[in-house]
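Data block below; observations after.
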Amino acid sequence: MTPKTEETEDTEMEIKETKCERKLVIPGETIASGEDYLPGDFTRKEGSEVIANRYGLAEISGRVVKIIPISGVFEPRRGNNVIGRVEDINFSGWMIDIGGPYSSFLPLMECPRFINRNNIAEFANIGDVIHAKILGVKKGGVDLTLKSRGLGPLENGRLIKINPNKVPRVIGKEGSMINLIKDNTKTEITVGQNGFVWVKGELDGEEKAEKAISLIVEESSNSGLTEKIEKFLGGKK
Amino acid sequence: MKLPNINKKRILTLLRDGKRLDGRKPFELRDISIETGVSINAEGTSRVKIGKTEVVVGVKMDVQEPYPDHENEGTMITSMEFSPAAGERWEGGPPGMDSIEIARVVDRGIRESGFIDWKKLCIKEGEKVWSVLIDIYCINDDGNAMDASALGAIAALKLARFPVYDEKEEKVKFGEFTDKPLPLTEKLPLTLTFHKIGDKLIIDPNRDEEDSGEARITIAVSSVKKEKMINAMQKGGITPFTIEEMEKIIEETEKAYDKIFAEIEKKIKHVTK
């Protein structure tokens, strides 16, 4: 159930490639000037200057300048797997809080099995946690769907909130980091791209997994992250 | 995000075994850090962190007319606000119910303990007294903002220095400080809040625990030569507390008081030296 999006793998690759040229920038800061540079992710071009749109680490790889943001809200994109809390129920579906500035809606039609229109709350009531996929992002909000493998309400376990920009770190390259935690703590973990992490397992394992995840978030920009997590998980076994 | 049902369920199952979500024991406090010298313009400032909860407190001094029924005593005004950045439940605008309650509880805790020697704040009886303004600003809310605010207020008061007062012009010269500290007594008041989740009691809850609780009680304690004294109490929430629970709370209050007291002494002495 590990969400493997293109984004995840991309950012991981970049870290391997350019370890040297990284600079902390704030929005509005000029990263590079000259016609040689092209604006990449989270940057814009004004005249001949490339300017930062987000707070993060600027990277110049070849001609392209891009930013790996280290803070900011979740920006929903089509195909993202997200975890949200049911905020409200109406006759045609559920309003889901997925964090960030958008309101999202899960229509009854997007549910893989038949649900009685008069008994929607039985499937997911207010306060329940749902793992869903983003069907589309429109002006008014986000549409969700459950029509995919492994989606649906999450029962038991616990929900943790992390910085959504650190989600690729928590997952690791092709899910390596998350599998490491899963194996060592014997837990089931689902990471939503919106920064919500669901952990289920034995009570001690859950606590350990939560601590490991917060350690990843804290140490994400330091080198030797995998070793640190391995040490943490192995140390207190 | 509001409290998800699964987290409440987890908190309840864990508490049955005497455990908590973050691995603490029911009466274990989170790490407390007290930072000083946050603002250069205020007479006394502090930044207190309890876990992820963070408050900034500033103490300002001004000269005012006393209240007619306390002509030779100084005055104190406490205000509290949650920054919109503290959490998604907080919005800008005038202080809401939660912040007003916290300000009042903090104010009462300090006032009733006799921590400040009010009579020494008098400049001229019936005409001019010092007024102490405590401004509390919560910049990150992860539960237990009540205790953090009270702790921050105490720390800021302990560090506060009088501003220069020009007697000829009868004006306070803001931005110029004397070395004279506030007339404080030994009775350090601390505020401790206990929450009741199901039928279990906990201290220092985080956001999720605070939301799952049905009732809370805040106790303002001070000590005179190792003898503890309850100065004020405030109950919130809908469910009642039993007598046995209250006894347990009082017992734990004393323990937690000693712990935090040692912390404050250690941190603040270091700065004032």
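If you're wondering about the labels, chains in the structure tokens are A, B, ... by order shown, residues count from 1 in each chain, ligands from 1 in order shown.
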Show me, as a Markdown table, the residues of chain B having an atom within 8 Å of chain A, each with the closest atom pair and its distance in Å, using only C-alpha atoms.
| residue | atom | partner | partner_atom | distance |
| --- | --- | --- | --- | --- |
| B:Met1 | CA | A:Gly99 | CA | 6.8 |
| B:Lys2 | CA | A:Gly127 | CA | 7.8 |
| B:Leu3 | CA | A:Gly127 | CA | 7.0 |
| B:Pro4 | CA | A:Gly127 | CA | 4.9 |
| B:Asn5 | CA | A:Gly127 | CA | 5.1 |
| B:Ile6 | CA | A:Asn156 | CA | 5.4 |
| B:Asn7 | CA | A:Arg158 | CA | 5.2 |
| B:Lys9 | CA | A:Asn156 | CA | 7.5 |
| B:Arg10 | CA | A:Arg158 | CA | 6.7 |
| B:Leu14 | CA | A:Leu203 | CA | 7.8 |
| B:Leu21 | CA | A:Glu207 | CA | 7.1 |
| B:Asp22 | CA | A:Glu207 | CA | 6.7 |
| B:Gly23 | CA | A:Glu207 | CA | 6.8 |
Give me the segment 137-211 of chain B side of the contact with segment 54-70 of chain B, cut-off 10 Å, one line per residue showing its nearest atom pair and distance in Å at one decimal, counting only C-alpha atoms, sorted by chain and residue number, as a tab-separated table.
residue	atom	partner	partner_atom	distance
B:Tyr137	CA	B:Val56	CA	5.2
B:Cys138	CA	B:Val55	CA	4.3
B:Ile139	CA	B:Val55	CA	5.7
B:Asn140	CA	B:Glu54	CA	4.9
B:Asp141	CA	B:Glu54	CA	6.6
B:Asp142	CA	B:Glu54	CA	8.1
B:Gly143	CA	B:Glu54	CA	9.7
B:Asn144	CA	B:Glu54	CA	9.9
B:Ala145	CA	B:Val55	CA	7.7
B:Met146	CA	B:Val55	CA	9.9
B:Ala148	CA	B:Val55	CA	6.6
B:Ser149	CA	B:Val55	CA	6.3
B:Ala150	CA	B:Val57	CA	9.4
B:Leu151	CA	B:Val55	CA	9.3
B:Gly152	CA	B:Val57	CA	5.7
B:Ala153	CA	B:Val57	CA	6.0
B:Ile154	CA	B:Val57	CA	9.2
B:Ala155	CA	B:Val57	CA	8.5
B:Ala156	CA	B:Val59	CA	6.2
B:Leu157	CA	B:Val59	CA	6.6
B:Lys158	CA	B:Val59	CA	9.9
B:Leu159	CA	B:Val59	CA	9.1
B:Ala160	CA	B:Val59	CA	6.8
B:Arg161	CA	B:Met61	CA	8.9
B:Phe162	CA	B:Met61	CA	7.0
B:Pro163	CA	B:Met61	CA	7.1
B:Tyr165	CA	B:Val63	CA	8.6
B:Glu170	CA	B:Val63	CA	8.6
B:Lys171	CA	B:Val63	CA	7.7
B:Val172	CA	B:Asp62	CA	6.8
B:Lys173	CA	B:Asp62	CA	9.6
B:Phe174	CA	B:Asp62	CA	8.9
B:Leu182	CA	B:Met61	CA	10.0
Selected residues written out with C-alpha atoms, as a PDB file, in the first residue's frame:
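Now in again_30.pdb:
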ATOM      1  CA  TYR B 137       0.972  35.106  23.328  1.00  0.00           C
ATOM      2  CA  CYS B 138       0.700  31.465  22.379  1.00  0.00           C
ATOM      3  CA  ILE B 139       2.650  30.843  19.185  1.00  0.00           C
ATOM      4  CA  ASN B 140       2.260  27.088  19.025  1.00  0.00           C
ATOM      5  CA  ASP B 141      -0.486  25.089  20.625  1.00  0.00           C
ATOM      6  CA  ASP B 142      -0.002  21.410  21.352  1.00  0.00           C
ATOM      7  CA  GLY B 143      -2.136  21.222  24.460  1.00  0.00           C
ATOM      8  CA  ASN B 144      -1.763  22.552  27.981  1.00  0.00           C
ATOM      9  CA  ALA B 145      -1.434  26.199  26.976  1.00  0.00           C
ATOM     10  CA  MET B 146      -2.840  27.025  30.421  1.00  0.00           C
ATOM     11  CA  ALA B 148       2.630  27.072  29.824  1.00  0.00           C
ATOM     12  CA  SER B 149       1.118  30.564  30.051  1.00  0.00           C
ATOM     13  CA  ALA B 150       1.261  30.578  33.826  1.00  0.00           C
ATOM     14  CA  LEU B 151       4.847  29.377  33.812  1.00  0.00           C
ATOM     15  CA  GLY B 152       5.798  31.982  31.233  1.00  0.00           C
ATOM     16  CA  ALA B 153       4.169  34.740  33.266  1.00  0.00           C
ATOM     17  CA  ILE B 154       6.099  33.741  36.398  1.00  0.00           C
ATOM     18  CA  ALA B 155       9.380  33.585  34.523  1.00  0.00           C
ATOM     19  CA  ALA B 156       8.806  36.989  32.918  1.00  0.00           C
ATOM     20  CA  LEU B 157       7.852  38.546  36.260  1.00  0.00           C
ATOM     21  CA  LYS B 158      10.954  37.117  37.889  1.00  0.00           C
ATOM     22  CA  LEU B 159      13.132  38.676  35.214  1.00  0.00           C
ATOM     23  CA  ALA B 160      11.319  42.018  35.013  1.00  0.00           C
ATOM     24  CA  ARG B 161      13.153  45.233  35.854  1.00  0.00           C
ATOM     25  CA  PHE B 162      11.558  48.591  36.562  1.00  0.00           C
ATOM     26  CA  PRO B 163      11.775  51.162  33.772  1.00  0.00           C
ATOM     27  CA  TYR B 165      10.503  56.855  36.087  1.00  0.00           C
ATOM     28  CA  GLU B 170       5.715  62.218  36.063  1.00  0.00           C
ATOM     29  CA  LYS B 171       6.376  60.059  33.078  1.00  0.00           C
ATOM     30  CA  VAL B 172       7.863  56.651  32.486  1.00  0.00           C
ATOM     31  CA  LYS B 173      10.883  56.651  30.220  1.00  0.00           C
ATOM     32  CA  PHE B 174      10.239  53.549  28.188  1.00  0.00           C
ATOM     33  CA  LEU B 182       9.928  43.700  40.894  1.00  0.00           C
TER      34      LEU B 182
END
Do you know which residues are at most 8 Å from segment 41-58 of chain A counting only C-alpha atoms, after dropping those on the same chain fewer than 3 positions away, and could you put them as a compact mmCIF listing (two decimals) with C-alpha atoms, in the first residue's frame?
# COMPACT_ATOMS: atom_id res chain seq x y z
CA ARG A 22 22.33 23.56 -1.94
CA LYS A 23 21.37 26.89 -0.52
CA LEU A 24 18.62 27.89 1.88
CA VAL A 25 16.35 30.47 0.26
CA ILE A 26 13.28 32.42 1.27
CA PRO A 27 10.42 33.49 -1.04
CA GLY A 28 11.45 36.45 -3.19
CA GLU A 29 15.14 35.75 -2.94
CA THR A 30 17.17 35.77 -6.15
CA ILE A 31 18.79 32.39 -6.57
CA ALA A 32 20.64 32.96 -9.83
CA SER A 33 20.80 35.66 -12.44
CA GLY A 34 21.68 35.48 -16.07
CA GLU A 35 20.10 34.07 -19.19
CA TYR A 37 19.41 29.62 -15.95
CA LEU A 38 15.92 28.20 -16.32
CA VAL A 65 17.19 25.97 -10.81
CA LYS A 66 14.72 24.32 -8.47
CA ILE A 67 13.67 24.35 -4.85
CA ILE A 68 13.02 21.48 -2.49
CA PRO A 69 10.54 23.13 -0.12
CA ILE A 70 10.99 22.49 3.59
CA SER A 71 7.79 24.06 4.80
CA GLY A 72 4.40 24.96 3.46
Problem set entry | Shell of 12 Å around Gln193 of chain A, only C-alpha atoms, local chain residues under 2 positions omitted, as a count of residues only | 43
List the neighbours of segment 196-208 of chain B out to 8 Å using only C-alpha atoms; skip same-chain residues closer than 6 positions along the sequence, and give me the result as a short mmCIF file (atom, residue, chain, number, x, y, z; two decimals) with C-alpha atoms, in the first residue's frame.
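Listed below is the output, selection-v6.cif:
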data_model
loop_
_atom_site.label_atom_id
_atom_site.label_comp_id
_atom_site.auth_asym_id
_atom_site.auth_seq_id
_atom_site.Cartn_x
_atom_site.Cartn_y
_atom_site.Cartn_z
CA LEU B 3 -9.48 14.79 16.87
CA ASN B 7 -6.79 8.49 18.22
CA LYS B 8 -9.35 8.88 20.99
CA LEU B 12 -8.43 5.33 26.06
CA LEU B 15 -4.64 4.81 29.56
CA ARG B 16 -6.24 1.60 30.83
CA PRO B 26 -0.11 9.63 33.34
CA PHE B 27 1.58 12.08 35.70
CA GLU B 28 4.73 12.72 33.72
CA LEU B 29 5.40 16.19 32.38
CA ARG B 30 6.89 16.94 28.99
CA ASP B 141 -0.49 25.09 20.63
CA ASP B 142 0.00 21.41 21.35
CA GLY B 143 -2.14 21.22 24.46
CA ASN B 144 -1.76 22.55 27.98
CA ASP B 147 0.17 25.77 32.39
CA GLU B 214 -14.25 15.33 29.39
CA ALA B 215 -13.22 17.47 32.32
CA ARG B 216 -10.28 19.43 33.59
CA GLU B 245 -9.85 11.79 42.35
#
For this session: Would you mind reading off the distance between atom CA of Lys182 of chain A and atom CA of Leu135 of chain A, one decimal, in Å?
Result: 28.1 Å
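One distance worth recording is that between atom CA of Leu184 of chain B and atom CA of Ser83 of chain B, which is 29.6 Å.
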Problem set entry | Å distance separating atom CA of Phe232 of chain A from atom CA of Glu219 of chain A, one decimal place | 12.3 Å
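Selecting helix (DSSP H, G or I) from the backbone DSSP output for segment 25-152 of chain A yields Leu108, Met109, Glu110, Arg117, Asn118, Asn119, Ile120, Ala121, Glu122 and Phe123 of chain A.
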